[in-house]
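Engineer: Have a peek at start.txt (compact mmCIF, C-alpha atoms).
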# COMPACT_ATOMS: atom_id res chain seq x y z
CA MET A 1 -19.59 11.60 20.38
CA ASN A 2 -17.02 14.31 19.90
CA PRO A 3 -15.65 13.96 16.36
CA TYR A 4 -12.08 14.46 17.56
CA VAL A 5 -12.49 11.65 20.04
CA ALA A 6 -13.80 9.53 17.18
CA LEU A 7 -10.78 10.44 15.06
CA LEU A 8 -8.33 9.63 17.85
CA PHE A 9 -10.17 6.41 18.44
CA MET A 10 -9.89 5.63 14.73
CA VAL A 11 -6.13 6.24 14.82
CA MET A 12 -5.81 3.95 17.82
CA LEU A 13 -7.97 1.28 16.22
CA ASN A 14 -5.96 1.40 12.99
CA THR A 15 -2.66 1.27 14.84
CA ILE A 16 -3.64 -1.62 17.04
CA GLY A 17 -5.12 -3.34 14.01
CA GLN A 18 -1.90 -3.04 12.03
CA LEU A 19 0.17 -4.29 14.97
CA LEU A 20 -2.13 -7.27 15.38
CA VAL A 21 -2.08 -8.02 11.65
CA LYS A 22 1.69 -8.01 11.77
CA ARG A 23 1.65 -10.41 14.70
CA GLY A 24 -0.77 -12.65 12.90
CA ALA A 25 1.06 -12.44 9.59
CA VAL A 26 4.30 -13.84 10.97
CA ARG A 27 2.41 -16.89 12.13
CA ILE A 28 1.42 -17.80 8.60
CA ASP A 29 3.31 -20.81 7.35
CA ILE A 30 3.33 -21.32 3.60
CA HIS A 31 5.66 -24.28 3.49
CA LEU A 32 3.40 -27.13 4.55
CA GLY A 33 0.69 -27.18 1.95
CA THR A 34 -2.55 -25.35 1.30
CA ALA A 35 -4.58 -26.80 4.16
CA HIS A 36 -1.92 -25.88 6.65
CA LEU A 37 -1.58 -22.44 5.09
CA LEU A 38 -5.28 -21.76 5.47
CA ARG A 39 -5.27 -23.07 9.02
CA SER A 40 -2.30 -20.90 9.92
CA MET A 41 -4.11 -17.88 8.48
CA LEU A 42 -6.96 -18.39 10.92
CA ASN A 43 -5.26 -17.05 14.01
CA TRP A 44 -6.73 -14.66 16.49
CA PRO A 45 -4.32 -11.71 16.09
CA LEU A 46 -4.95 -11.64 12.37
CA ALA A 47 -8.72 -11.90 12.76
CA LEU A 48 -8.85 -9.27 15.48
CA GLY A 49 -6.48 -7.00 13.58
CA GLY A 50 -8.52 -7.35 10.43
CA LEU A 51 -11.69 -6.48 12.31
CA SER A 52 -10.24 -3.35 13.86
CA VAL A 53 -8.77 -2.22 10.55
CA ILE A 54 -12.21 -2.63 8.98
CA ALA A 55 -13.88 -0.80 11.88
CA GLY A 56 -11.56 2.20 11.45
CA PRO A 57 -13.25 3.70 8.36
CA VAL A 58 -16.64 3.55 10.07
CA LEU A 59 -15.43 5.93 12.74
CA TYR A 60 -13.67 7.99 10.09
CA MET A 61 -16.87 8.46 8.11
CA TYR A 62 -18.79 9.32 11.27
CA ALA A 63 -16.18 11.96 12.17
CA LEU A 64 -16.18 13.37 8.64
CA THR A 65 -19.87 14.21 8.99
CA LYS A 66 -18.90 16.65 11.76
CA VAL A 67 -15.46 18.00 10.84
CA GLU A 68 -13.86 19.07 7.61
CA LEU A 69 -12.11 16.59 5.39
CA SER A 70 -8.75 18.31 5.77
CA VAL A 71 -8.86 17.76 9.53
CA GLY A 72 -9.84 14.13 9.16
CA TYR A 73 -7.13 13.62 6.57
CA SER A 74 -4.46 14.95 8.90
CA PHE A 75 -5.61 12.61 11.62
CA SER A 76 -5.21 9.63 9.33
CA GLY A 77 -1.62 10.81 8.89
CA LEU A 78 -1.17 10.43 12.63
CA THR A 79 -1.62 6.69 12.12
CA TYR A 80 1.77 6.48 10.39
CA LEU A 81 3.53 7.92 13.42
CA MET A 82 1.59 5.74 15.83
CA VAL A 83 2.25 2.58 13.82
CA VAL A 84 5.99 3.25 13.78
CA LEU A 85 6.09 4.04 17.49
CA GLY A 86 3.86 1.09 18.30
CA GLY A 87 5.95 -1.20 16.13
CA HIS A 88 8.99 -0.14 18.09
CA LEU A 89 7.48 -0.29 21.55
CA LEU A 90 5.21 -3.30 21.24
CA LEU A 91 6.66 -5.40 18.43
CA LYS A 92 10.26 -4.52 19.32
CA GLU A 93 11.03 -3.61 15.72
CA ARG A 94 14.15 -1.53 15.65
CA ILE A 95 13.74 2.01 14.37
CA THR A 96 16.00 4.97 13.85
CA LEU A 97 15.47 8.67 14.25
CA TYR A 98 14.85 8.75 10.50
CA HIS A 99 11.76 6.60 10.94
CA VAL A 100 10.26 9.11 13.36
CA LEU A 101 11.32 12.07 11.22
CA GLY A 102 9.96 10.39 8.11
CA THR A 103 6.57 9.65 9.62
CA LEU A 104 6.39 13.17 11.03
CA THR A 105 7.05 14.42 7.51
CA ILE A 106 4.27 12.20 6.19
CA LEU A 107 1.96 13.63 8.85
CA GLY A 108 2.93 17.14 7.76
CA ALA A 109 2.46 16.17 4.13
CA LEU A 110 -1.10 15.04 4.72
CA MET A 111 -1.79 18.27 6.62
CA VAL A 112 -0.54 20.31 3.66
CA TRP A 113 -2.33 18.06 1.17
CA ASN A 114 -5.78 19.58 1.64
CA MET A 115 -4.76 23.15 2.28
CA MET S 116 28.46 -21.00 -16.11
CA LYS S 117 29.80 -24.07 -14.42
CA ALA S 118 28.60 -22.83 -11.08
CA THR S 119 25.06 -24.07 -11.45
CA PRO S 120 25.69 -27.81 -11.70
CA LYS S 121 27.91 -27.56 -8.68
CA HIS S 122 25.21 -25.88 -6.72
CA SER S 123 22.66 -28.45 -7.63
CA SER S 124 24.97 -31.32 -6.86
CA GLY S 125 24.25 -30.75 -3.20
CA TYR S 126 27.90 -30.46 -2.47
CA SER S 127 27.73 -28.05 0.43
CA SER S 128 25.10 -29.51 2.61
CA HIS S 129 23.50 -26.72 4.60
CA TYR S 130 24.76 -23.52 3.43
CA SER S 131 25.70 -21.37 0.59
CA PRO S 132 23.57 -22.18 -2.45
CA ARG S 133 20.34 -22.66 -0.61
CA HIS S 134 20.76 -19.57 1.45
CA PHE S 135 21.78 -17.47 -1.42
CA SER S 136 18.78 -18.49 -3.43
CA SER S 137 16.37 -18.06 -0.54
CA ARG S 138 17.74 -14.60 0.07
CA SER S 139 17.26 -13.44 -3.50
CA TYR S 140 13.92 -15.22 -3.52
CA LYS S 141 12.87 -13.19 -0.52
CA LYS S 142 13.91 -9.96 -2.17
CA THR S 143 12.02 -10.64 -5.37
CA THR S 144 8.99 -11.79 -3.41
CA VAL S 145 8.91 -8.60 -1.40
CA ALA S 146 9.35 -6.48 -4.51
CA LEU S 147 6.60 -8.36 -6.30
CA LEU S 148 4.24 -8.13 -3.34
CA LEU S 149 4.89 -4.41 -3.01
CA LEU S 150 4.27 -3.84 -6.70
CA LEU S 151 1.07 -5.86 -6.64
CA SER S 152 -0.10 -3.99 -3.54
CA TYR S 153 0.39 -0.66 -5.26
CA ILE S 154 -1.41 -1.92 -8.34
CA CYS S 155 -4.32 -3.20 -6.26
CA LEU S 156 -4.47 0.02 -4.29
CA THR S 157 -4.63 2.24 -7.35
CA ALA S 158 -6.88 -0.16 -9.25
CA GLY S 159 -9.31 -0.17 -6.35
CA GLN S 160 -9.40 3.62 -6.23
CA VAL S 161 -9.78 3.88 -10.01
CA SER S 162 -12.54 1.32 -9.92
CA ALA S 163 -14.37 3.23 -7.20
CA LYS S 164 -13.98 6.46 -9.12
CA LEU S 165 -15.33 4.87 -12.30
CA ALA S 166 -18.29 3.37 -10.45
CA GLY S 167 -19.09 6.76 -8.95
CA SER S 168 -18.72 8.49 -12.29
CA VAL S 169 -21.06 6.07 -14.03
CA MET S 170 -23.72 6.71 -11.42
CA GLN S 171 -23.24 10.46 -11.60
CA LEU S 172 -23.40 10.50 -15.39
CA GLU S 173 -26.53 8.42 -15.37
CA GLU S 174 -28.17 10.74 -12.88
CA ALA S 175 -27.15 13.75 -14.96
CA SER S 176 -28.46 12.23 -18.17
CA LYS S 177 -31.79 11.55 -16.46
CA THR S 178 -32.15 15.15 -15.33
CA THR S 179 -31.22 16.48 -18.75
CA ALA S 180 -33.72 14.11 -20.34
CA ILE S 181 -36.44 15.40 -18.04
CA ASP S 182 -35.38 18.94 -18.79
CA GLN S 183 -35.52 18.29 -22.48
CA GLY S 184 -38.92 16.72 -22.13
CA THR S 185 -40.40 19.66 -20.25
CA GLY S 186 -38.69 22.08 -22.59
CA ASN S 187 -40.21 20.40 -25.60
CA GLY S 188 -43.55 20.25 -23.94
CA ALA S 189 -43.44 23.96 -23.20
CA GLY S 190 -43.41 24.61 -26.92
CA GLY S 191 -41.62 26.46 -29.63
CA GLY S 192 -40.95 29.90 -28.20
CA ALA S 193 -38.46 28.93 -25.54
CA VAL S 194 -35.75 27.35 -27.67
CA ASN S 195 -33.08 29.37 -26.00
CA GLY S 196 -34.42 28.45 -22.61
CA THR S 197 -34.22 24.71 -23.26
CA GLY S 198 -30.69 25.14 -24.52
CA GLY S 199 -29.74 26.66 -21.22
CA GLY S 200 -31.69 23.99 -19.41
CA ILE S 201 -29.67 21.24 -21.00
CA ASP S 202 -26.40 22.93 -20.35
CA THR S 203 -26.66 23.88 -16.73
CA PRO S 204 -27.40 20.52 -15.15
CA ALA S 205 -24.56 19.01 -17.10
CA GLU S 206 -22.20 21.57 -15.61
CA THR S 207 -23.41 22.01 -12.07
CA GLY S 208 -25.41 18.95 -11.16
CA ASN S 209 -22.84 16.65 -12.64
CA GLY S 210 -19.94 17.69 -10.43
CA ALA S 211 -16.86 15.55 -10.98
CA GLY S 212 -18.42 13.61 -13.81
CA SER S 213 -18.36 16.56 -16.17
CA ARG S 214 -14.65 17.01 -15.62
CA LEU S 215 -13.88 13.62 -17.11
CA PRO S 216 -12.24 13.54 -20.51
CA ALA S 217 -14.85 13.34 -23.27
CA ARG S 218 -13.80 9.89 -24.49
CA LEU S 219 -14.06 8.38 -21.03
CA ARG S 220 -17.40 10.07 -20.46
CA ASP S 221 -18.76 8.61 -23.67
CA ALA S 222 -17.53 5.18 -22.74
CA LEU S 223 -19.13 5.34 -19.30
CA SER S 224 -22.48 6.80 -20.26
CA GLY S 225 -24.24 4.44 -22.57
CA PRO S 226 -26.84 1.73 -22.63
CA LYS S 227 -24.58 -0.51 -20.54
CA ALA S 228 -24.20 2.01 -17.72
CA ALA S 229 -26.00 -0.10 -15.12
CA SER S 230 -23.88 -3.19 -15.64
CA LEU S 231 -20.76 -1.04 -15.73
CA ALA S 232 -21.61 0.47 -12.37
CA ILE S 233 -22.07 -2.98 -10.83
CA THR S 234 -18.82 -4.24 -12.36
CA PHE S 235 -16.81 -1.33 -11.05
CA ALA S 236 -18.41 -1.50 -7.62
CA LEU S 237 -17.61 -5.21 -7.38
CA GLY S 238 -14.13 -4.50 -8.70
CA THR S 239 -13.58 -2.04 -5.90
CA TYR S 240 -14.38 -4.68 -3.31
CA VAL S 241 -12.31 -7.33 -5.04
CA PHE S 242 -9.27 -5.10 -5.20
CA PHE S 243 -9.82 -4.08 -1.60
CA LEU S 244 -9.86 -7.71 -0.45
CA LEU S 245 -6.90 -8.61 -2.64
CA ARG S 246 -4.97 -5.74 -1.18
CA GLY S 247 -5.69 -6.95 2.34
CA LEU S 248 -4.46 -10.41 1.44
CA LEU S 249 -1.31 -9.06 -0.21
CA TRP S 250 -0.72 -6.83 2.78
CA VAL S 251 -0.74 -9.79 5.16
CA PHE S 252 1.75 -11.69 3.02
CA LEU S 253 3.89 -8.60 2.66
CA LEU S 254 4.00 -8.19 6.43
CA ARG S 255 5.25 -11.75 6.73
CA LYS S 256 8.42 -10.60 5.03
CA LEU S 257 8.75 -6.93 5.85
CA LYS S 258 8.97 -4.95 9.06
CA LEU S 259 5.79 -3.09 9.87
CA VAL S 260 7.68 0.14 10.57
CA LEU S 261 8.93 0.06 6.98
CA ALA S 262 5.96 -1.43 5.17
CA TYR S 263 3.30 0.88 6.58
CA PRO S 264 4.99 4.17 5.60
CA LEU S 265 5.81 2.67 2.20
CA MET S 266 2.12 2.20 1.50
CA SER S 267 1.57 5.96 1.72
CA ILE S 268 3.11 6.25 -1.74
CA GLY S 269 -0.34 5.15 -2.86
CA TYR S 270 -1.58 8.69 -2.19
CA VAL S 271 0.88 10.04 -4.73
CA LEU S 272 0.06 7.34 -7.27
CA VAL S 273 -3.64 8.02 -7.01
CA LEU S 274 -3.01 11.76 -7.26
CA GLY S 275 -1.01 11.24 -10.47
CA ILE S 276 -3.62 8.96 -11.99
CA SER S 277 -6.52 11.24 -11.13
CA PHE S 278 -4.65 14.15 -12.69
CA LEU S 279 -3.63 12.27 -15.82
CA PHE S 280 -6.73 10.24 -16.59
CA PHE S 281 -9.60 11.92 -14.78
CA ASN S 282 -8.74 15.56 -15.42
CA GLU S 283 -8.85 16.38 -11.75
CA THR S 284 -7.35 19.61 -10.55
CA LEU S 285 -3.86 19.56 -9.12
CA THR S 286 -3.56 22.19 -6.40
CA VAL S 287 -0.32 23.57 -5.05
CA GLY S 288 -1.10 22.11 -1.64
CA LYS S 289 -1.43 18.64 -3.13
CA MET S 290 1.81 18.96 -5.06
CA VAL S 291 3.71 20.16 -2.00
CA GLY S 292 2.04 17.47 0.06
CA ALA S 293 3.06 14.80 -2.43
CA LEU S 294 6.64 16.03 -2.41
CA LEU S 295 6.71 16.07 1.38
CA LEU S 296 5.19 12.61 1.45
CA MET S 297 7.89 11.24 -0.82
CA THR S 298 10.48 12.92 1.38
CA GLY S 299 9.01 11.25 4.43
CA VAL S 300 8.99 7.84 2.79
CA SER S 301 12.59 8.32 1.64
CA LEU S 302 13.60 9.28 5.17
CA VAL S 303 12.07 6.10 6.56
CA SER S 304 13.74 3.95 3.91
CA TYR S 305 17.01 5.72 4.48
CA GLY S 306 16.75 4.97 8.18
CA GLU S 307 16.11 1.34 7.33
CA VAL S 308 19.15 1.15 5.03
CA ARG S 309 21.35 2.79 7.63
CA GLN S 310 20.16 0.40 10.25
CA LYS S 311 20.89 -2.58 8.04
CA LYS S 312 24.39 -1.31 7.36
CA ALA S 313 25.02 -0.69 11.04
CA ALA S 314 23.78 -4.19 11.83
CA GLU S 315 26.12 -5.62 9.21
CA LYS S 316 29.01 -3.78 10.76
CA SER S 317 28.26 -4.84 14.29
CA ALA S 318 27.39 -8.39 13.25
CA PRO S 319 30.92 -9.91 13.06
CA PRO S 320 30.50 -12.16 16.09
CA ALA S 321 27.54 -13.81 14.43
CA ALA S 322 29.12 -13.76 10.99
CA GLU S 323 32.38 -15.18 12.24
CA ALA S 324 30.70 -18.29 13.45
CA LYS S 325 29.70 -19.15 9.92
CA PRO S 326 32.67 -18.35 7.66
CA PRO S 327 34.54 -21.52 8.68
CA LEU S 328 31.74 -23.51 7.15
CA THR S 329 31.90 -21.58 3.93
CA ALA S 330 35.66 -21.52 3.98
CA GLU S 331 35.60 -25.28 3.99
CA ALA S 332 33.00 -25.39 1.34
CA LYS S 333 34.60 -22.87 -0.89
CA PRO S 334 38.07 -23.93 -1.95
CA PRO S 335 36.88 -26.73 -4.22
CA LEU S 336 34.29 -24.36 -5.62
CA ALA S 337 36.78 -21.60 -6.11
CA GLY S 338 39.01 -23.92 -8.11
CA GLU S 339 37.24 -23.14 -11.35
CA THR S 340 34.73 -20.40 -10.72
CA ALA S 341 36.62 -17.34 -9.70
CA THR S 342 36.19 -14.70 -7.04
CA PRO S 343 32.89 -13.10 -8.04
CA GLN S 344 31.12 -16.25 -6.95
CA SER S 345 32.66 -16.15 -3.52
CA VAL S 346 31.87 -12.52 -3.13
CA ASP S 347 28.34 -13.19 -4.20
CA THR S 348 27.77 -15.91 -1.70
CA ASN S 349 29.53 -14.14 1.09
CA THR S 350 27.62 -10.92 1.29
CA PRO S 351 24.12 -12.30 1.36
CA GLN S 352 25.11 -14.57 4.18
CA SER S 353 26.13 -11.78 6.45
CA VAL S 354 23.00 -9.90 5.55
CA ASP S 355 20.97 -12.99 6.13
CA THR S 356 22.28 -13.56 9.61
CA THR S 357 21.45 -10.04 10.62
CA ALA S 358 18.06 -10.27 9.03
CA ARG S 359 17.39 -13.44 10.97
CA LYS S 360 18.48 -11.75 14.11
CA THR S 361 16.09 -8.89 13.64
CA GLU S 362 13.32 -11.26 12.77
CA LYS S 363 13.91 -13.14 15.97
CA GLY S 364 13.88 -9.88 17.82
CA GLU S 365 10.60 -8.96 16.25
CA SER S 366 8.62 -12.05 16.92
Just give me the structure of the file as structure tokens.
Structural biologist:
Amino acid sequence: MNPYVALLFMVMLNTIGQLLVKRGAVRIDIHLGTAHLLRSMLNWPLALGGLSVIAGPVLYMYALTKVELSVGYSFSGLTYLMVVLGGHLLLKERITLYHVLGTLTILGALMVWNM
Amino acid sequence: MKATPKHSSGYSSHYSPRHFSSRSYKKTTVALLLLLSYICLTAGQVSAKLAGSVMQLEEASKTTAIDQGTGNGAGGGAVNGTGGGIDTPAETGNGAGSRLPARLRDALSGPKAASLAITFALGTYVFFLLRGLLWVFLLRKLKLVLAYPLMSIGYVLVLGISFLFFNETLTVGKMVGALLLMTGVSLVSYGEVRQKKAAEKSAPPAAEAKPPLTAEAKPPLAGETATPQSVDTNTPQSVDTTARKTEKGES
């Protein structure tokens, strides 16, 4: 597999995972006792999100065997942008231009980081 | 203050005291969760670093021991040679381990090295799991578009710790990157604050529906406790309504 495809796939997996975890997290109900809390934590978005977040690093490590760390690092910065955009488009969280600018800055920061 | 008994008397049935407290409760919870997440994040990284260092040091000490053994076996003439043999693996083969401060290196390389390595490796996993758990509970309270960028501060924290305690090199690129990263996080938080303020401003229709309730509830309260109380209870309410709105919009 092309390492860049793997990296893009990792970004997608992480983004979708975070969105799913968010969806699952709001379902958790802490007000009705421990048993209910545990039951509410076992919901499919949370489980699926957790799985994809865990699967992300596997792809990352695979890609790092083929490309330099600085490239891989920058790609993980792309996740911040994708999470913010995905949060806006799919979770309907309201964002401002500053959110996009901020995450772009973070992406730039991680590119500079390993230079 | 006389305000507290009045609050607990259950005088105003639905509104002000309970909401006020739940609002501040939410804020402290979020702050606490964030702080714990950062601590877990850095502790996990530190733990991983320590586990790696223990293994590296052990490996290095083995090679030096072998070197010493062969050097001794070779006999008396090559004293200088053995000296070099001890030194070089410690410098080159050891990599990051040799850069550790001497005190830390002594603490990590000892008879207990094996158990230390296991402890730190387990610690890494424990902190990792704990962080996942905290993250889920943090997301219950915080928007994803704010929480996720906030977590990137962890890069800077780990950079600072590795510079301060592990003697790692701090390159210009990393420093500039850290500065840029903080700028990015500030931009996102600034956007969030602006949005909240704008929502407060445009909220009046929703906020107007509630003031009558508080206006009824307040006069007897305001009889003794003066204005600061009313101001205190008023502002969180308007914030709360907007927050609820956004939460509804999210889910």
Engineer: Using all atoms listed in the file, determine which residues of chain A fall within 6 Å of chain S; present them as a PyMOL selection string.
Structural biologist: chain A and resi 22+25-26+84+87+91-93+96+98-99+102-103+105-106+109+112-113+115
Engineer: Taking the point (-13.6, 2.0, -9.6) as given in the file, collect each protein or nucleic acid residue that comes within 6 Å of it, counting only C-alpha atoms, and present the set as a VMD selection string.
Structural biologist: chain S and resid 159 to 166 235 239
Engineer: Using all atoms listed in the file, which residue out of A:Leu89, A:Leu69, A:Leu51, A:Met82 lies closest to Met111 of chain A?
Structural biologist: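 Checking each of A:Leu89, A:Leu69, A:Leu51, A:Met82 against Met111 of chain A, counting all atoms listed in the file, the winner is A:Leu69.
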Engineer: Leaving out Thr157 of chain S and any residue of its chain fewer than 6 positions from it, which residues lie within 7 Å of it when counting only C-alpha atoms, given as a count of residues only?
Structural biologist: 3
Engineer: Between atom CA of Thr15 of chain A and atom CA of Asn43 of chain A, what is the distance, to one decimal in Å?
Structural biologist: 18.5 Å
Engineer: List the spatial neighbours of segment 52-56 of chain A as a PyMOL selection string - criterion: any atom at most 7 Å away, all atoms listed in the file, same-chain residues fewer than 4 positions off excluded.
Structural biologist: chain A and resi 10+13-14+17+48+60
Engineer: For His31 of chain A, list every protein, DNA or RNA residue within 12 Å, evaluated using only C-alpha atoms, and leave out those in the same chain fewer than 6 positions away; present the list as a PyMOL selection string.
Structural biologist: chain A and resi 37-38+40
Engineer: Could you dump the residues just selected with C-alpha atoms as a JSON list (two decimals), in the coordinates of the input?
Structural biologist:
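Generated file (selection17.json):
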[["chain", "number", "residue", "atom", "x", "y", "z"],
["A", 37, "LEU", "CA", -1.58, -22.44, 5.09],
["A", 38, "LEU", "CA", -5.28, -21.76, 5.47],
["A", 40, "SER", "CA", -2.30, -20.90, 9.92]]
Engineer: For atom CA of Met61 of chain A and atom CA of Gly86 of chain A, determine how far apart the two atoms are, in Å to one decimal place.
Structural biologist: 24.2 Å
Engineer: Taking the partial coordinates given, rebuild segment 40-53 of chain A to contain N, CA and C atoms; return it as a PDB file, in the coordinates of the input.
Structural biologist:
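File produced: rebuild.pdb:
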ATOM      1  N   SER A  40      -3.187 -21.844   9.245  1.00  0.00           N
ATOM      2  CA  SER A  40      -2.300 -20.900   9.920  1.00  0.00           C
ATOM      3  C   SER A  40      -2.764 -19.458   9.709  1.00  0.00           C
ATOM      4  N   MET A  41      -3.592 -19.244   8.686  1.00  0.00           N
ATOM      5  CA  MET A  41      -4.110 -17.880   8.480  1.00  0.00           C
ATOM      6  C   MET A  41      -5.255 -17.574   9.424  1.00  0.00           C
ATOM      7  N   LEU A  42      -5.855 -18.614   9.990  1.00  0.00           N
ATOM      8  CA  LEU A  42      -6.960 -18.390  10.920  1.00  0.00           C
ATOM      9  C   LEU A  42      -6.412 -18.301  12.338  1.00  0.00           C
ATOM     10  N   ASN A  43      -5.709 -17.216  12.628  1.00  0.00           N
ATOM     11  CA  ASN A  43      -5.260 -17.050  14.010  1.00  0.00           C
ATOM     12  C   ASN A  43      -5.866 -15.787  14.589  1.00  0.00           C
ATOM     13  N   TRP A  44      -5.938 -15.755  15.898  1.00  0.00           N
ATOM     14  CA  TRP A  44      -6.730 -14.660  16.490  1.00  0.00           C
ATOM     15  C   TRP A  44      -6.131 -13.277  16.285  1.00  0.00           C
ATOM     16  N   PRO A  45      -4.786 -13.084  16.328  1.00  0.00           N
ATOM     17  CA  PRO A  45      -4.320 -11.710  16.090  1.00  0.00           C
ATOM     18  C   PRO A  45      -4.713 -11.185  14.719  1.00  0.00           C
ATOM     19  N   LEU A  46      -4.625 -12.068  13.735  1.00  0.00           N
ATOM     20  CA  LEU A  46      -4.950 -11.640  12.370  1.00  0.00           C
ATOM     21  C   LEU A  46      -6.432 -11.299  12.247  1.00  0.00           C
ATOM     22  N   ALA A  47      -7.277 -12.145  12.837  1.00  0.00           N
ATOM     23  CA  ALA A  47      -8.720 -11.900  12.760  1.00  0.00           C
ATOM     24  C   ALA A  47      -9.097 -10.611  13.481  1.00  0.00           C
ATOM     25  N   LEU A  48      -8.541 -10.462  14.682  1.00  0.00           N
ATOM     26  CA  LEU A  48      -8.850  -9.270  15.480  1.00  0.00           C
ATOM     27  C   LEU A  48      -8.302  -8.017  14.799  1.00  0.00           C
ATOM     28  N   GLY A  49      -7.084  -8.127  14.281  1.00  0.00           N
ATOM     29  CA  GLY A  49      -6.480  -7.000  13.580  1.00  0.00           C
ATOM     30  C   GLY A  49      -7.286  -6.603  12.363  1.00  0.00           C
ATOM     31  N   GLY A  50      -7.710  -7.621  11.606  1.00  0.00           N
ATOM     32  CA  GLY A  50      -8.520  -7.350  10.430  1.00  0.00           C
ATOM     33  C   GLY A  50      -9.807  -6.636  10.793  1.00  0.00           C
ATOM     34  N   LEU A  51     -10.439  -7.106  11.873  1.00  0.00           N
ATOM     35  CA  LEU A  51     -11.690  -6.480  12.310  1.00  0.00           C
ATOM     36  C   LEU A  51     -11.493  -5.021  12.673  1.00  0.00           C
ATOM     37  N   SER A  52     -10.415  -4.738  13.425  1.00  0.00           N
ATOM     38  CA  SER A  52     -10.240  -3.350  13.860  1.00  0.00           C
ATOM     39  C   SER A  52      -9.836  -2.458  12.698  1.00  0.00           C
ATOM     40  N   VAL A  53      -9.112  -3.025  11.719  1.00  0.00           N
ATOM     41  CA  VAL A  53      -8.770  -2.220  10.550  1.00  0.00           C
ATOM     42  C   VAL A  53     -10.029  -1.897   9.748  1.00  0.00           C
TER      43      VAL A  53
END
